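Below is the file entry24.cif, which contains mmCIF, C-alpha atoms and all ligand atoms.
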```cif
data_final
loop_
_atom_site.label_atom_id
_atom_site.label_comp_id
_atom_site.auth_asym_id
_atom_site.auth_seq_id
_atom_site.Cartn_x
_atom_site.Cartn_y
_atom_site.Cartn_z
CA MET A 1 0.00 0.00 0.00
CA LYS A 2 1.20 3.46 -0.90
CA ARG A 3 1.19 6.56 1.24
CA ALA A 4 -0.10 9.63 -0.50
CA VAL A 5 -0.46 13.35 -0.14
CA PHE A 6 -3.74 14.62 -1.58
CA LEU A 7 -3.55 18.27 -2.55
CA ASP A 8 -6.30 20.72 -3.18
CA ARG A 9 -5.32 22.87 -6.18
CA ASP A 10 -6.37 26.52 -5.86
CA GLY A 11 -4.75 28.27 -2.89
CA VAL A 12 -2.41 25.31 -2.32
CA ILE A 13 -0.45 24.80 -5.57
CA ASN A 14 -1.39 28.04 -7.27
CA ASP A 15 -2.41 31.52 -6.21
CA ASN A 16 -6.06 31.95 -7.18
CA LYS A 17 -6.73 35.53 -6.16
CA LYS A 18 -8.11 35.76 -9.69
CA PRO A 19 -10.23 32.91 -11.13
CA VAL A 20 -8.35 30.29 -13.14
CA ASN A 21 -10.18 29.89 -16.44
CA LYS A 22 -7.21 29.36 -18.78
CA PRO A 23 -3.55 28.28 -18.54
CA SER A 24 -2.22 31.86 -18.35
CA ASP A 25 -4.35 32.39 -15.20
CA PHE A 26 -2.44 29.59 -13.44
CA ILE A 27 0.14 31.23 -11.15
CA PHE A 28 2.31 28.79 -9.17
CA PHE A 29 3.30 29.82 -5.66
CA PRO A 30 7.09 30.34 -5.60
CA TRP A 31 7.56 27.40 -3.17
CA THR A 32 5.33 24.83 -4.89
CA PHE A 33 8.04 22.88 -6.77
CA GLU A 34 10.37 22.72 -3.75
CA ALA A 35 7.48 21.49 -1.58
CA LEU A 36 6.44 18.75 -4.03
CA ASP A 37 10.06 17.66 -4.43
CA LEU A 38 10.35 17.17 -0.65
CA ILE A 39 7.14 15.11 -0.59
CA ILE A 40 8.20 12.92 -3.54
CA LYS A 41 11.68 12.32 -2.08
CA ALA A 42 9.98 11.10 1.11
CA ASN A 43 8.28 8.43 -1.03
CA PHE A 44 4.72 9.70 -1.10
CA SER A 45 2.45 9.57 -4.12
CA ILE A 46 0.91 12.94 -4.98
CA PHE A 47 -2.66 13.44 -6.17
CA VAL A 48 -4.48 16.69 -6.92
CA VAL A 49 -8.18 16.66 -5.98
CA THR A 50 -10.04 19.77 -7.08
CA ASN A 51 -13.65 20.95 -7.11
CA GLN A 52 -14.32 22.50 -10.51
CA GLY A 53 -18.02 23.31 -10.34
CA GLY A 54 -17.35 26.11 -12.83
CA ILE A 55 -17.72 23.43 -15.48
CA GLU A 56 -21.32 22.67 -14.57
CA MET A 57 -21.96 26.39 -14.01
CA GLY A 58 -20.73 27.02 -17.55
CA TYR A 59 -17.75 29.30 -16.75
CA PHE A 60 -15.39 26.95 -18.56
CA THR A 61 -15.46 23.55 -20.25
CA GLU A 62 -13.82 20.16 -19.65
CA GLU A 63 -11.47 21.05 -22.56
CA ASN A 64 -10.50 24.36 -20.90
CA LEU A 65 -9.79 22.52 -17.65
CA LYS A 66 -7.72 19.91 -19.47
CA SER A 67 -5.57 22.65 -21.04
CA ILE A 68 -5.03 24.19 -17.58
CA HIS A 69 -4.04 20.84 -16.07
CA ASP A 70 -1.82 19.98 -19.07
CA TYR A 71 -0.03 23.29 -18.45
CA MET A 72 0.29 22.51 -14.72
CA LEU A 73 1.71 19.03 -15.41
CA GLU A 74 4.11 20.41 -18.04
CA GLN A 75 5.48 22.95 -15.55
CA PHE A 76 5.78 20.20 -12.94
CA MET A 77 7.71 18.09 -15.44
CA ASN A 78 10.03 21.00 -16.30
CA ASN A 79 10.87 21.07 -12.60
CA ASN A 80 11.32 17.29 -12.35
CA ILE A 81 8.06 16.83 -10.47
CA ILE A 82 6.04 13.79 -11.50
CA ILE A 83 2.70 13.50 -9.75
CA ASP A 84 0.46 10.44 -9.84
CA ASP A 85 -2.92 11.80 -10.94
CA VAL A 86 -5.26 14.78 -11.04
CA LYS A 87 -8.95 14.34 -10.30
CA HIS A 88 -11.68 16.96 -10.51
CA CYS A 89 -15.35 17.19 -9.63
CA PRO A 90 -17.18 19.09 -12.40
CA HIS A 91 -20.46 19.24 -10.49
CA PHE A 92 -22.15 22.12 -8.81
CA LYS A 93 -25.89 21.43 -8.60
CA THR A 94 -25.88 17.75 -9.53
CA HIS A 95 -25.78 15.43 -6.56
CA CYS A 96 -22.50 13.54 -6.68
CA GLU A 97 -20.11 11.62 -4.48
CA CYS A 98 -17.04 13.53 -5.56
CA ARG A 99 -17.59 17.17 -4.61
CA LYS A 100 -15.61 18.05 -1.49
CA PRO A 101 -16.50 18.05 1.44
CA LEU A 102 -17.44 14.52 0.33
CA PRO A 103 -14.47 12.14 0.17
CA GLY A 104 -15.34 10.52 -3.20
CA MET A 105 -12.25 11.67 -5.10
CA LEU A 106 -9.92 10.49 -2.34
CA ASN A 107 -11.72 7.16 -2.02
CA SER A 108 -11.68 6.39 -5.74
CA LEU A 109 -8.00 7.33 -6.09
CA SER A 110 -7.19 5.20 -3.06
CA GLN A 111 -8.89 2.20 -4.68
CA LYS A 112 -7.35 2.76 -8.10
CA TYR A 113 -3.79 3.24 -6.81
CA SER A 114 -3.87 1.10 -3.62
CA VAL A 115 -3.35 4.02 -1.29
CA ASP A 116 -3.51 3.52 2.46
CA LEU A 117 -5.67 6.49 3.47
CA LYS A 118 -4.86 6.16 7.18
CA SER A 119 -1.20 6.89 6.53
CA SER A 120 -1.94 9.61 3.97
CA TYR A 121 -2.47 13.36 4.16
CA MET A 122 -4.99 15.85 2.79
CA VAL A 123 -3.71 19.41 2.38
CA GLY A 124 -6.18 22.20 1.61
CA ASP A 125 -6.98 25.85 2.18
CA ARG A 126 -10.72 25.47 2.80
CA GLU A 127 -12.78 23.71 5.46
CA MET A 128 -14.32 21.48 2.79
CA ASP A 129 -10.86 20.06 2.04
CA ILE A 130 -10.31 19.25 5.70
CA GLU A 131 -13.77 17.65 5.97
CA ALA A 132 -13.14 15.50 2.89
CA GLY A 133 -9.76 14.42 4.27
CA LYS A 134 -11.21 13.53 7.66
CA LYS A 135 -14.06 11.53 6.10
CA ALA A 136 -11.51 9.60 4.06
CA GLY A 137 -9.49 8.86 7.21
CA CYS A 138 -6.45 10.96 6.29
CA THR A 139 -4.39 13.25 8.50
CA THR A 140 -5.44 16.79 7.58
CA ILE A 141 -3.34 19.93 7.13
CA LYS A 142 -5.00 23.32 6.69
CA ILE A 143 -3.24 26.15 4.88
CA GLY A 144 -4.09 29.75 5.76
CA LYS A 145 -6.70 30.64 8.37
CA PRO A 146 -6.36 27.99 11.09
CA SER A 147 -9.10 25.38 11.29
CA PRO A 148 -10.11 23.88 14.65
CA GLN A 149 -11.01 20.60 12.93
CA ALA A 150 -7.69 20.17 11.10
CA ASP A 151 -4.95 18.01 12.60
CA TYR A 152 -2.34 20.65 11.72
CA ASN A 153 -2.40 24.28 10.60
CA VAL A 154 0.34 25.88 8.50
CA SER A 155 0.83 28.96 6.29
CA ASN A 156 1.69 27.37 2.97
CA LEU A 157 2.47 24.18 1.06
CA LEU A 158 6.19 24.31 1.85
CA GLN A 159 5.43 24.29 5.58
CA ALA A 160 2.97 21.42 5.00
CA ALA A 161 5.66 19.44 3.16
CA GLN A 162 8.25 20.07 5.90
CA LEU A 163 5.71 18.89 8.47
CA ILE A 164 4.77 15.74 6.53
CA ILE A 165 8.37 14.61 6.10
CA LYS A 166 9.16 14.99 9.79
CA ILE A 167 5.98 13.48 11.33
MG MG A 201 -8.56 25.71 -2.52
ZN ZN A 202 -18.83 15.61 -8.41
#
```
For this file, produce the structure as structure tokens.
Ligand SMILES: [Mg+2]
Ligand SMILES: [Zn+2]
Amino acid sequence: MKRAVFLDRDGVINDNKKPVNKPSDFIFFPWTFEALDLIIKANFSIFVVTNQGGIEMGYFTEENLKSIHDYMLEQFMNNNIIIDDVKHCPHFKTHCECRKPLPGMLNSLSQKYSVDLKSSYMVGDREMDIEAGKKAGCTTIKIGKPSPQADYNVSNLLQAAQLIIKI
């Protein structure tokens, strides 16, 4: 069984002060590559799990999202970062199992890739990320405004990575 770090996207990997509707809107935080490198070198799989209800709301399409994620993965690759998978929930009004705070994306990735959720982490900047991580049985790390329900609170992904590799 693998150990994994599940990452929310916006506010964790990239700065989303402005909405991300196309690749040029995708602004990496300056510490993102260093943080992911630390996590990978500690032998964790990395998965991105992102709510993208803007698809169902009609702000952008599956094709737009694919071009954004292709850009993200290309920049990762240019920095020698290989992640395991990216999963998104396109729903907004439709009832689904995948939209965080539900744990559907974490559960399906765990099944597909044989991930041991109990020894894995969920890192996010919103309460819904922490709730999804807790429901899946992961240790949770909140970025930004501290959350009373998170296991740990930090300021950014680099601090989360430094914490994960020393726990
Ligand atoms: Mg977020
Ligand atoms: Zn969904």
Counting only C-alpha atoms, closest pick from A:Lys87, A:Gly133, A:Asp125, A:Ala161 relative to Pro146 (chain A) is A:Asp125
I'd like the neighbourhood of Asn153 (chain A) as an NGL selection string, where a residue qualifies if any of its atoms comes within 9 Å (using all atoms listed in the file), though same-chain residues fewer than 4 positions away should be ignored.
:A and (140-148 or 160)
One decimal, in Å: what's the spacing between CA of Tyr59 (chain A) and CA of Ile82 (chain A)?
28.9 Å
What does the distance between CA of Asn78 (chain A) and CA of Ala35 (chain A) come to in Å, to one decimal place?
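Atom-to-atom, CA of Asn78 (chain A) and CA of Ala35 (chain A) are spaced 14.9 Å apart.
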Test item: residues no farther than 9 Å from ligand MG 201 (chain A), counting all atoms listed in the file, as a list in words
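Residues lying within 9 Å of ligand MG 201 (chain A): Leu7, Asp8, Arg9, Asp10, Gly11, Val12, Ile13, Asn14, Asn16, Thr50, Asn51, Gly124, Asp125, Arg126, Met128 and Asp129 of chain A.
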Could the residues that lie within 10 Å of ligand ZN 202 (chain A), counting only C-alpha atoms and all ligand atoms, be listed as an mmCIF file with C-alpha atoms, in the frame of the given file?
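Once written, result.cif looks like this:
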```cif
data_model
loop_
_atom_site.group_PDB
_atom_site.id
_atom_site.type_symbol
_atom_site.label_atom_id
_atom_site.label_comp_id
_atom_site.auth_asym_id
_atom_site.auth_seq_id
_atom_site.Cartn_x
_atom_site.Cartn_y
_atom_site.Cartn_z
ATOM 1 C CA THR A 50 -10.040 19.770 -7.080
ATOM 2 C CA ASN A 51 -13.650 20.950 -7.110
ATOM 3 C CA GLN A 52 -14.320 22.500 -10.510
ATOM 4 C CA GLY A 53 -18.020 23.310 -10.340
ATOM 5 C CA GLU A 56 -21.320 22.670 -14.570
ATOM 6 C CA HIS A 88 -11.680 16.960 -10.510
ATOM 7 C CA CYS A 89 -15.350 17.190 -9.630
ATOM 8 C CA PRO A 90 -17.180 19.090 -12.400
ATOM 9 C CA HIS A 91 -20.460 19.240 -10.490
ATOM 10 C CA PHE A 92 -22.150 22.120 -8.810
ATOM 11 C CA LYS A 93 -25.890 21.430 -8.600
ATOM 12 C CA THR A 94 -25.880 17.750 -9.530
ATOM 13 C CA HIS A 95 -25.780 15.430 -6.560
ATOM 14 C CA CYS A 96 -22.500 13.540 -6.680
ATOM 15 C CA GLU A 97 -20.110 11.620 -4.480
ATOM 16 C CA CYS A 98 -17.040 13.530 -5.560
ATOM 17 C CA ARG A 99 -17.590 17.170 -4.610
ATOM 18 C CA LYS A 100 -15.610 18.050 -1.490
ATOM 19 C CA LEU A 102 -17.440 14.520 0.330
ATOM 20 C CA GLY A 104 -15.340 10.520 -3.200
ATOM 21 C CA MET A 105 -12.250 11.670 -5.100
#
```
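Between Ala136 (chain A) and the residues A:Ser155, A:Asn64, A:Ser114, A:Ser108, the shortest atom-to-atom distance, using only C-alpha atoms, involves A:Ser108.
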Name the closest residue to Lys2 (chain A) among the candidates A:Asp116, A:Asp25, A:Ala132, A:Gln159; distances are taken between atoms, counting only C-alpha atoms.
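Using only C-alpha atoms, Lys2 (chain A) sits closest to A:Asp116.
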Within 12 Å of (10.1, 19.4, -13.0), in the coordinates the file gives, what residues turn up when you count all atoms listed in the file, written out as an mmCIF file with C-alpha atoms, in the frame of the given file?
```cif
data_model
loop_
_atom_site.group_PDB
_atom_site.id
_atom_site.type_symbol
_atom_site.label_atom_id
_atom_site.label_comp_id
_atom_site.auth_asym_id
_atom_site.auth_seq_id
_atom_site.Cartn_x
_atom_site.Cartn_y
_atom_site.Cartn_z
ATOM 1 C CA THR A 32 5.330 24.830 -4.890
ATOM 2 C CA PHE A 33 8.040 22.880 -6.770
ATOM 3 C CA GLU A 34 10.370 22.720 -3.750
ATOM 4 C CA ALA A 35 7.480 21.490 -1.580
ATOM 5 C CA LEU A 36 6.440 18.750 -4.030
ATOM 6 C CA ASP A 37 10.060 17.660 -4.430
ATOM 7 C CA ILE A 40 8.200 12.920 -3.540
ATOM 8 C CA MET A 72 0.290 22.510 -14.720
ATOM 9 C CA LEU A 73 1.710 19.030 -15.410
ATOM 10 C CA GLU A 74 4.110 20.410 -18.040
ATOM 11 C CA GLN A 75 5.480 22.950 -15.550
ATOM 12 C CA PHE A 76 5.780 20.200 -12.940
ATOM 13 C CA MET A 77 7.710 18.090 -15.440
ATOM 14 C CA ASN A 78 10.030 21.000 -16.300
ATOM 15 C CA ASN A 79 10.870 21.070 -12.600
ATOM 16 C CA ASN A 80 11.320 17.290 -12.350
ATOM 17 C CA ILE A 81 8.060 16.830 -10.470
ATOM 18 C CA ILE A 82 6.040 13.790 -11.500
ATOM 19 C CA ILE A 83 2.700 13.500 -9.750
#
```
